[in-house]
>>> print(open('run03.pdb').read())   # PDB, C-alpha atoms
ATOM      1  CA  MET A 176     -30.677 -44.632 -22.428  1.00  0.00           C
ATOM      2  CA  GLN A 177     -33.425 -44.291 -24.970  1.00  0.00           C
ATOM      3  CA  LEU A 178     -32.751 -45.434 -28.514  1.00  0.00           C
ATOM      4  CA  SER A 179     -33.075 -41.875 -29.857  1.00  0.00           C
ATOM      5  CA  GLU A 180     -30.732 -40.270 -27.295  1.00  0.00           C
ATOM      6  CA  PRO A 181     -27.475 -40.604 -29.281  1.00  0.00           C
ATOM      7  CA  TYR A 182     -29.118 -39.066 -32.348  1.00  0.00           C
ATOM      8  CA  LEU A 183     -30.757 -36.239 -30.430  1.00  0.00           C
ATOM      9  CA  THR A 184     -27.459 -35.454 -28.712  1.00  0.00           C
ATOM     10  CA  LEU A 185     -25.725 -35.355 -32.099  1.00  0.00           C
ATOM     11  CA  ILE A 186     -28.398 -33.084 -33.580  1.00  0.00           C
ATOM     12  CA  GLY A 187     -28.255 -30.770 -30.572  1.00  0.00           C
ATOM     13  CA  ARG A 188     -24.470 -30.535 -30.787  1.00  0.00           C
ATOM     14  CA  ILE A 189     -24.672 -29.747 -34.505  1.00  0.00           C
ATOM     15  CA  LEU A 190     -27.298 -27.059 -33.939  1.00  0.00           C
ATOM     16  CA  ILE A 191     -25.136 -25.413 -31.293  1.00  0.00           C
ATOM     17  CA  GLY A 192     -21.917 -25.689 -33.292  1.00  0.00           C
ATOM     18  CA  ILE A 193     -23.177 -24.551 -36.684  1.00  0.00           C
ATOM     19  CA  ILE A 194     -23.898 -20.975 -35.604  1.00  0.00           C
ATOM     20  CA  PHE A 195     -20.308 -20.538 -34.433  1.00  0.00           C
ATOM     21  CA  VAL A 196     -18.850 -21.968 -37.640  1.00  0.00           C
ATOM     22  CA  MET A 197     -21.124 -19.799 -39.789  1.00  0.00           C
ATOM     23  CA  SER A 198     -20.324 -16.704 -37.730  1.00  0.00           C
ATOM     24  CA  GLY A 199     -16.597 -17.351 -38.123  1.00  0.00           C
ATOM     25  CA  ILE A 200     -16.976 -17.880 -41.873  1.00  0.00           C
ATOM     26  CA  ASN A 201     -18.950 -14.633 -42.106  1.00  0.00           C
ATOM     27  CA  LYS A 202     -16.072 -12.842 -40.368  1.00  0.00           C
ATOM     28  CA  ILE A 203     -13.633 -14.331 -42.896  1.00  0.00           C
ATOM     29  CA  LEU A 204     -15.808 -13.117 -45.780  1.00  0.00           C
ATOM     30  CA  THR A 205     -16.293  -9.613 -44.346  1.00  0.00           C
ATOM     31  CA  PRO A 206     -12.983  -8.656 -42.685  1.00  0.00           C
ATOM     32  CA  ASP A 207     -13.284  -4.875 -43.050  1.00  0.00           C
ATOM     33  CA  ALA A 208     -16.888  -4.669 -41.869  1.00  0.00           C
ATOM     34  CA  THR A 209     -16.199  -7.001 -38.948  1.00  0.00           C
ATOM     35  CA  GLN A 210     -13.161  -5.062 -37.771  1.00  0.00           C
ATOM     36  CA  GLN A 211     -14.994  -1.738 -38.172  1.00  0.00           C
ATOM     37  CA  TYR A 212     -17.847  -3.111 -36.077  1.00  0.00           C
ATOM     38  CA  MET A 213     -15.380  -4.234 -33.407  1.00  0.00           C
ATOM     39  CA  ALA A 214     -13.683  -0.813 -33.407  1.00  0.00           C
ATOM     40  CA  SER A 215     -17.059   0.952 -33.142  1.00  0.00           C
ATOM     41  CA  HIS A 216     -17.617  -0.902 -29.868  1.00  0.00           C
ATOM     42  CA  GLY A 217     -14.354   0.247 -28.326  1.00  0.00           C
ATOM     43  CA  LEU A 218     -11.927  -2.416 -29.558  1.00  0.00           C
ATOM     44  CA  ARG A 219      -9.649   0.044 -31.330  1.00  0.00           C
ATOM     45  CA  THR A 220      -6.342  -1.517 -30.286  1.00  0.00           C
ATOM     46  CA  LEU A 221      -5.322  -4.951 -31.477  1.00  0.00           C
ATOM     47  CA  THR A 222      -8.469  -5.134 -33.594  1.00  0.00           C
ATOM     48  CA  ALA A 223      -6.807  -7.334 -36.228  1.00  0.00           C
ATOM     49  CA  VAL A 224      -5.495  -9.727 -33.567  1.00  0.00           C
ATOM     50  CA  LEU A 225      -8.895  -9.953 -31.872  1.00  0.00           C
ATOM     51  CA  TYR A 226     -10.539 -10.437 -35.266  1.00  0.00           C
ATOM     52  CA  ILE A 227      -8.270 -13.406 -36.052  1.00  0.00           C
ATOM     53  CA  ALA A 228      -8.729 -14.811 -32.539  1.00  0.00           C
ATOM     54  CA  ALA A 229     -12.516 -14.627 -32.917  1.00  0.00           C
ATOM     55  CA  ILE A 230     -12.340 -16.538 -36.209  1.00  0.00           C
ATOM     56  CA  LEU A 231     -10.070 -19.205 -34.728  1.00  0.00           C
ATOM     57  CA  VAL A 232     -12.316 -19.675 -31.704  1.00  0.00           C
ATOM     58  CA  GLU A 233     -15.595 -19.698 -33.601  1.00  0.00           C
ATOM     59  CA  VAL A 234     -14.511 -21.892 -36.495  1.00  0.00           C
ATOM     60  CA  GLY A 235     -12.077 -24.096 -34.562  1.00  0.00           C
ATOM     61  CA  ALA A 236     -14.195 -24.784 -31.495  1.00  0.00           C
ATOM     62  CA  GLY A 237     -17.361 -24.842 -33.614  1.00  0.00           C
ATOM     63  CA  VAL A 238     -15.940 -27.600 -35.831  1.00  0.00           C
ATOM     64  CA  CYS A 239     -14.857 -29.489 -32.699  1.00  0.00           C
ATOM     65  CA  LEU A 240     -18.456 -29.333 -31.456  1.00  0.00           C
ATOM     66  CA  LEU A 241     -19.768 -30.548 -34.806  1.00  0.00           C
ATOM     67  CA  ALA A 242     -17.359 -33.493 -34.793  1.00  0.00           C
ATOM     68  CA  GLY A 243     -17.674 -34.188 -31.095  1.00  0.00           C
ATOM     69  CA  TYR A 244     -13.915 -33.828 -30.695  1.00  0.00           C
ATOM     70  CA  GLN A 245     -12.564 -32.449 -27.414  1.00  0.00           C
ATOM     71  CA  THR A 246     -16.142 -31.389 -26.930  1.00  0.00           C
ATOM     72  CA  ARG A 247     -16.005 -30.190 -23.352  1.00  0.00           C
ATOM     73  CA  ARG A 248     -12.911 -28.111 -24.042  1.00  0.00           C
ATOM     74  CA  ALA A 249     -14.549 -26.633 -27.141  1.00  0.00           C
ATOM     75  CA  ALA A 250     -17.708 -25.796 -25.188  1.00  0.00           C
ATOM     76  CA  SER A 251     -15.620 -24.175 -22.440  1.00  0.00           C
ATOM     77  CA  LEU A 252     -13.693 -22.080 -24.938  1.00  0.00           C
ATOM     78  CA  LEU A 253     -16.858 -20.957 -26.704  1.00  0.00           C
ATOM     79  CA  LEU A 254     -18.554 -20.158 -23.410  1.00  0.00           C
ATOM     80  CA  PHE A 255     -15.661 -17.996 -22.246  1.00  0.00           C
ATOM     81  CA  PHE A 256     -15.624 -16.345 -25.687  1.00  0.00           C
ATOM     82  CA  MET A 257     -19.361 -15.641 -25.456  1.00  0.00           C
ATOM     83  CA  ILE A 258     -19.222 -13.814 -22.123  1.00  0.00           C
ATOM     84  CA  PRO A 259     -17.173 -10.782 -23.220  1.00  0.00           C
ATOM     85  CA  THR A 260     -18.679 -10.876 -26.710  1.00  0.00           C
ATOM     86  CA  THR A 261     -22.194 -10.652 -25.315  1.00  0.00           C
ATOM     87  CA  VAL A 262     -21.311  -7.887 -22.856  1.00  0.00           C
ATOM     88  CA  LEU A 263     -19.337  -5.819 -25.388  1.00  0.00           C
ATOM     89  CA  PHE A 264     -21.596  -6.077 -28.412  1.00  0.00           C
ATOM     90  CA  HIS A 265     -25.138  -6.858 -27.276  1.00  0.00           C
ATOM     91  CA  THR A 266     -26.085  -4.763 -24.237  1.00  0.00           C
ATOM     92  CA  ASN A 267     -27.766  -1.831 -25.989  1.00  0.00           C
ATOM     93  CA  PHE A 268     -31.201  -2.893 -24.787  1.00  0.00           C
ATOM     94  CA  SER A 269     -32.901   0.136 -26.344  1.00  0.00           C
ATOM     95  CA  ASP A 270     -32.190  -1.573 -29.692  1.00  0.00           C
ATOM     96  CA  GLN A 271     -34.621  -4.483 -30.086  1.00  0.00           C
ATOM     97  CA  ASN A 272     -32.176  -6.308 -32.388  1.00  0.00           C
ATOM     98  CA  GLN A 273     -29.405  -6.159 -29.784  1.00  0.00           C
ATOM     99  CA  MET A 274     -31.793  -7.381 -27.090  1.00  0.00           C
ATOM    100  CA  ILE A 275     -32.594 -10.385 -29.295  1.00  0.00           C
ATOM    101  CA  HIS A 276     -28.874 -11.053 -29.858  1.00  0.00           C
ATOM    102  CA  PHE A 277     -28.272 -10.791 -26.099  1.00  0.00           C
ATOM    103  CA  LEU A 278     -31.019 -13.324 -25.363  1.00  0.00           C
ATOM    104  CA  LYS A 279     -29.829 -15.574 -28.221  1.00  0.00           C
ATOM    105  CA  ASN A 280     -26.345 -15.571 -26.703  1.00  0.00           C
ATOM    106  CA  LEU A 281     -27.779 -16.461 -23.295  1.00  0.00           C
ATOM    107  CA  SER A 282     -29.625 -19.381 -24.895  1.00  0.00           C
ATOM    108  CA  MET A 283     -26.486 -20.504 -26.710  1.00  0.00           C
ATOM    109  CA  SER A 284     -24.580 -20.297 -23.423  1.00  0.00           C
ATOM    110  CA  GLY A 285     -27.188 -22.586 -21.889  1.00  0.00           C
ATOM    111  CA  GLY A 286     -26.619 -25.098 -24.679  1.00  0.00           C
ATOM    112  CA  LEU A 287     -22.862 -24.876 -24.182  1.00  0.00           C
ATOM    113  CA  LEU A 288     -23.284 -25.464 -20.436  1.00  0.00           C
ATOM    114  CA  TYR A 289     -25.303 -28.565 -21.260  1.00  0.00           C
ATOM    115  CA  VAL A 290     -22.546 -29.874 -23.574  1.00  0.00           C
ATOM    116  CA  LEU A 291     -19.938 -28.985 -20.966  1.00  0.00           C
ATOM    117  CA  THR A 292     -21.838 -30.973 -18.352  1.00  0.00           C
ATOM    118  CA  TYR A 293     -22.885 -34.039 -20.364  1.00  0.00           C
ATOM    119  CA  GLY A 294     -20.246 -34.241 -23.085  1.00  0.00           C
ATOM    120  CA  ALA A 295     -20.502 -35.101 -26.751  1.00  0.00           C
ATOM    121  CA  GLY A 296     -22.711 -38.163 -26.587  1.00  0.00           C
ATOM    122  CA  ALA A 297     -22.337 -41.586 -28.155  1.00  0.00           C
ATOM    123  CA  ILE A 298     -22.010 -40.413 -31.767  1.00  0.00           C
ATOM    124  CA  SER A 299     -18.802 -38.423 -31.482  1.00  0.00           C
ATOM    125  CA  MET A 300     -15.078 -38.581 -31.928  1.00  0.00           C
ATOM    126  CA  ASP A 301     -14.743 -38.395 -28.134  1.00  0.00           C
ATOM    127  CA  ALA A 302     -16.801 -41.600 -27.724  1.00  0.00           C
ATOM    128  CA  ARG A 303     -14.891 -43.256 -30.537  1.00  0.00           C
ATOM    129  CA  GLU A 304     -11.590 -42.396 -28.855  1.00  0.00           C
ATOM    130  CA  ARG A 305     -12.781 -43.969 -25.588  1.00  0.00           C
ATOM    131  CA  ILE A 306     -13.595 -47.172 -27.496  1.00  0.00           C
ATOM    132  CA  ARG A 307     -10.405 -47.115 -29.551  1.00  0.00           C
ATOM    133  CA  ARG A 308      -8.166 -46.410 -26.569  1.00  0.00           C
ATOM    134  CA  PRO A 309      -9.757 -47.936 -23.483  1.00  0.00           C
ATOM    135  CA  ASP A 310      -6.464 -47.508 -21.642  1.00  0.00           C
ATOM    136  CA  ARG A 311      -6.956 -43.732 -21.986  1.00  0.00           C
ATOM    137  CA  ALA A 312     -10.695 -43.710 -21.297  1.00  0.00           C
ATOM    138  CA  ASN A 313     -10.310 -43.312 -17.543  1.00  0.00           C
ATOM    139  CA  VAL A 314      -7.649 -40.624 -17.965  1.00  0.00           C
ATOM    140  CA  ILE A 315      -9.843 -38.720 -20.424  1.00  0.00           C
ATOM    141  CA  ARG A 316     -12.897 -39.145 -18.215  1.00  0.00           C
ATOM    142  CA  ARG A 317     -11.061 -37.999 -15.069  1.00  0.00           C
ATOM    143  CA  SER A 318      -9.658 -35.025 -16.958  1.00  0.00           C
ATOM    144  CA  GLU A 319     -13.134 -34.092 -18.193  1.00  0.00           C
ATOM    145  CA  ASP A 320     -14.629 -34.528 -14.726  1.00  0.00           C
ATOM    146  CA  ALA A 321     -11.935 -32.360 -13.166  1.00  0.00           C
ATOM    147  CA  HIS A 322     -12.430 -29.834 -15.943  1.00  0.00           C
ATOM    148  CA  ILE A 323     -16.078 -29.365 -15.038  1.00  0.00           C
ATOM    149  CA  GLY A 324     -15.576 -29.645 -11.307  1.00  0.00           C
ATOM    150  CA  HIS A 325     -16.722 -33.221 -10.726  1.00  0.00           C
ATOM    151  CA  GLY A 326     -13.338 -34.675  -9.856  1.00  0.00           C
ATOM    152  CA  HIS A 327     -12.967 -36.725  -6.676  1.00  0.00           C
TER     153      HIS A 327
END
>>> encode(input="run03.pdb", output="structure tokens")
Amino acid sequence: MQLSEPYLTLIGRILIGIIFVMSGINKILTPDATQQYMASHGLRTLTAVLYIAAILVEVGAGVCLLAGYQTRRAASLLLFFMIPTTVLFHTNFSDQNQMIHFLKNLSMSGGLLYVLTYGAGAISMDARERIRRPDRANVIRRSEDAHIGHGH
């Protein structure tokens, strides 16, 4: 491991997580506009429930990414959130702005896949928990490996 790797991993995780947190905060600050936008894309039933769910996922899992807490689970949740979000809201390719959002979401999904595969890195609550509770480290590691399909 290079000396800079823990810091670069931390910075990368922050850069991925911050957009989700900011997007969730924006939804909190603009509830009517957000729900109208959702309804305009066909989500006319349960709009308020989906609106709240989107905030919880974006802010909750985004903060987990920032802190490096339950990082693989957070990345999984955000990835599975991104798939329908991208398909529902960003496939009008005749609109240049929507094409950019579609490609941005693909790039973000790539970052989430990277976090899902390699975890939070050395500067994270996940790493701290493995140090603090070595008796749980193998259980956590096996659970994470099984979660991403590397279990034996």
>>> residues_around(input="run03.pdb", residues="Gly199 in chain A", least_positions_apart="2", cutoff="9 Å", atoms="all atoms listed in the file", output="ChimeraX atom specification")
/A:194-197,201-204,229-235,237
>>> resolve_selection(input="run03.pdb", expression="the PyMOL selection byres ((chain A and resi 278-285) around 8)", output="list in words")
Ile191, Leu254, Met257, Thr261, Met274, Ile275, His276, Phe277, Gly286, Leu287, Leu288 and Tyr289 of chain A
>>> closest_residue(input="run03.pdb", among="A:Tyr244, A:Tyr293, A:Phe256, A:Phe264", to="Ala228 in chain A", atoms="all atoms listed in the file")
A:Phe256
>>> atom_distance(input="run03.pdb", atom1="CA of Pro206 in chain A", atom2="CA of Tyr226 in chain A")
8.0 Å
>>> closest_residue(input="run03.pdb", among="A:Ile193, A:Ala242, A:Ala249, A:Ile200", to="Ala297 in chain A", atoms="all atoms listed in the file")
A:Ala242
>>> resolve_selection(input="run03.pdb", expression="the PyMOL selection byres ((chain A and resi 177-184) around 9)", output="list in words")
Met176, Leu185, Ile186, Gly187, Arg188, Ile189, Ala295, Gly296, Ala297 and Ile298 of chain A
>>> atom_distance(input="run03.pdb", atom1="CA of Thr205 in chain A", atom2="CA of Gln245 in chain A")
28.7 Å
>>> resolve_selection(input="run03.pdb", expression="the PyMOL selection byres ((chain A and resi 213-221) around 12)", output="list in words")
Lys202, Pro206, Asp207, Ala208, Thr209, Gln210, Gln211, Tyr212, Thr222, Ala223, Val224, Leu225, Tyr226, Ile227, Ala228, Ala229, Pro259, Thr260, Thr261, Val262, Leu263, Phe264, His265, Thr266 and Asn267 of chain A
>>> closest_residue(input="run03.pdb", among="A:Asp310, A:Cys239, A:Glu304, A:Gly294", to="Gly192 in chain A", atoms="all atoms listed in the file")
A:Cys239
>>> atom_distance(input="run03.pdb", atom1="CA of Arg247 in chain A", atom2="CA of Arg305 in chain A")
14.3 Å
>>> axis_aligned_box(input="run03.pdb", around="range 280-286 of chain A", padding_each_side="4 Å", output="JSON")
{"center_x": -27.1, "center_y": -20.3, "center_z": -24.3, "size_x": 13.0, "size_y": 17.5, "size_z": 12.8}
>>> closest_residue(input="run03.pdb", among="A:Thr246, A:Val290, A:Ser198, A:Leu241", to="Ala302 in chain A", atoms="all atoms listed in the file")
A:Thr246
>>> decode(input="run03.pdb", residues="range 197-222 of chain A", atoms="N, CA and C atoms", output="PDB file, in the first residue's frame")
ATOM      1  N   MET A 197     -25.969  16.278  -0.628  1.00  0.00           N
ATOM      2  CA  MET A 197     -26.445  17.571  -1.131  1.00  0.00           C
ATOM      3  C   MET A 197     -27.764  17.424  -1.886  1.00  0.00           C
ATOM      4  N   SER A 198     -27.904  16.363  -2.654  1.00  0.00           N
ATOM      5  CA  SER A 198     -29.151  16.129  -3.380  1.00  0.00           C
ATOM      6  C   SER A 198     -30.308  15.898  -2.416  1.00  0.00           C
ATOM      7  N   GLY A 199     -30.055  15.136  -1.358  1.00  0.00           N
ATOM      8  CA  GLY A 199     -31.087  14.909  -0.343  1.00  0.00           C
ATOM      9  C   GLY A 199     -31.465  16.191   0.379  1.00  0.00           C
ATOM     10  N   ILE A 200     -30.471  17.005   0.709  1.00  0.00           N
ATOM     11  CA  ILE A 200     -30.742  18.290   1.369  1.00  0.00           C
ATOM     12  C   ILE A 200     -31.551  19.199   0.441  1.00  0.00           C
ATOM     13  N   ASN A 201     -31.206  19.199  -0.844  1.00  0.00           N
ATOM     14  CA  ASN A 201     -31.962  19.996  -1.809  1.00  0.00           C
ATOM     15  C   ASN A 201     -33.428  19.551  -1.853  1.00  0.00           C
ATOM     16  N   LYS A 202     -33.658  18.252  -1.772  1.00  0.00           N
ATOM     17  CA  LYS A 202     -35.038  17.749  -1.748  1.00  0.00           C
ATOM     18  C   LYS A 202     -35.770  18.228  -0.494  1.00  0.00           C
ATOM     19  N   ILE A 203     -35.075  18.253   0.628  1.00  0.00           N
ATOM     20  CA  ILE A 203     -35.676  18.741   1.880  1.00  0.00           C
ATOM     21  C   ILE A 203     -36.065  20.216   1.737  1.00  0.00           C
ATOM     22  N   LEU A 204     -35.205  20.991   1.093  1.00  0.00           N
ATOM     23  CA  LEU A 204     -35.432  22.432   0.964  1.00  0.00           C
ATOM     24  C   LEU A 204     -36.467  22.792  -0.099  1.00  0.00           C
ATOM     25  N   THR A 205     -36.724  21.866  -1.020  1.00  0.00           N
ATOM     26  CA  THR A 205     -37.673  22.133  -2.112  1.00  0.00           C
ATOM     27  C   THR A 205     -38.693  21.000  -2.239  1.00  0.00           C
ATOM     28  N   PRO A 206     -39.488  20.756  -1.203  1.00  0.00           N
ATOM     29  CA  PRO A 206     -40.399  19.600  -1.224  1.00  0.00           C
ATOM     30  C   PRO A 206     -41.448  19.666  -2.335  1.00  0.00           C
ATOM     31  N   ASP A 207     -42.063  20.813  -2.539  1.00  0.00           N
ATOM     32  CA  ASP A 207     -43.112  20.906  -3.559  1.00  0.00           C
ATOM     33  C   ASP A 207     -42.546  20.700  -4.960  1.00  0.00           C
ATOM     34  N   ALA A 208     -41.463  21.392  -5.265  1.00  0.00           N
ATOM     35  CA  ALA A 208     -40.855  21.273  -6.591  1.00  0.00           C
ATOM     36  C   ALA A 208     -40.373  19.847  -6.850  1.00  0.00           C
ATOM     37  N   THR A 209     -39.786  19.228  -5.840  1.00  0.00           N
ATOM     38  CA  THR A 209     -39.288  17.861  -5.999  1.00  0.00           C
ATOM     39  C   THR A 209     -40.430  16.894  -6.267  1.00  0.00           C
ATOM     40  N   GLN A 210     -41.493  16.999  -5.492  1.00  0.00           N
ATOM     41  CA  GLN A 210     -42.625  16.089  -5.675  1.00  0.00           C
ATOM     42  C   GLN A 210     -43.351  16.354  -6.997  1.00  0.00           C
ATOM     43  N   GLN A 211     -43.411  17.604  -7.431  1.00  0.00           N
ATOM     44  CA  GLN A 211     -44.009  17.909  -8.733  1.00  0.00           C
ATOM     45  C   GLN A 211     -43.163  17.313  -9.859  1.00  0.00           C
ATOM     46  N   TYR A 212     -41.860  17.394  -9.711  1.00  0.00           N
ATOM     47  CA  TYR A 212     -40.959  16.809 -10.709  1.00  0.00           C
ATOM     48  C   TYR A 212     -41.152  15.294 -10.770  1.00  0.00           C
ATOM     49  N   MET A 213     -41.252  14.664  -9.612  1.00  0.00           N
ATOM     50  CA  MET A 213     -41.478  13.218  -9.560  1.00  0.00           C
ATOM     51  C   MET A 213     -42.800  12.866 -10.237  1.00  0.00           C
ATOM     52  N   ALA A 214     -43.853  13.608  -9.931  1.00  0.00           N
ATOM     53  CA  ALA A 214     -45.174  13.352 -10.511  1.00  0.00           C
ATOM     54  C   ALA A 214     -45.155  13.558 -12.026  1.00  0.00           C
ATOM     55  N   SER A 215     -44.391  14.539 -12.495  1.00  0.00           N
ATOM     56  CA  SER A 215     -44.323  14.808 -13.937  1.00  0.00           C
ATOM     57  C   SER A 215     -43.644  13.678 -14.708  1.00  0.00           C
ATOM     58  N   HIS A 216     -42.949  12.816 -13.989  1.00  0.00           N
ATOM     59  CA  HIS A 216     -42.291  11.665 -14.616  1.00  0.00           C
ATOM     60  C   HIS A 216     -43.040  10.364 -14.345  1.00  0.00           C
ATOM     61  N   GLY A 217     -44.302  10.485 -13.958  1.00  0.00           N
ATOM     62  CA  GLY A 217     -45.141   9.301 -13.824  1.00  0.00           C
ATOM     63  C   GLY A 217     -45.302   8.762 -12.419  1.00  0.00           C
ATOM     64  N   LEU A 218     -44.653   9.346 -11.440  1.00  0.00           N
ATOM     65  CA  LEU A 218     -44.775   8.869 -10.059  1.00  0.00           C
ATOM     66  C   LEU A 218     -45.889   9.642  -9.350  1.00  0.00           C
ATOM     67  N   ARG A 219     -47.116   9.394  -9.795  1.00  0.00           N
ATOM     68  CA  ARG A 219     -48.255  10.147  -9.264  1.00  0.00           C
ATOM     69  C   ARG A 219     -48.835   9.529  -7.999  1.00  0.00           C
ATOM     70  N   THR A 220     -48.622   8.237  -7.803  1.00  0.00           N
ATOM     71  CA  THR A 220     -49.111   7.592  -6.581  1.00  0.00           C
ATOM     72  C   THR A 220     -47.952   7.431  -5.612  1.00  0.00           C
ATOM     73  N   LEU A 221     -48.239   7.597  -4.371  1.00  0.00           N
ATOM     74  CA  LEU A 221     -47.248   7.484  -3.299  1.00  0.00           C
ATOM     75  C   LEU A 221     -46.082   8.455  -3.464  1.00  0.00           C
ATOM     76  N   THR A 222     -46.328   9.571  -4.101  1.00  0.00           N
ATOM     77  CA  THR A 222     -45.254  10.540  -4.348  1.00  0.00           C
ATOM     78  C   THR A 222     -44.603  10.995  -3.049  1.00  0.00           C
TER      79      THR A 222
END
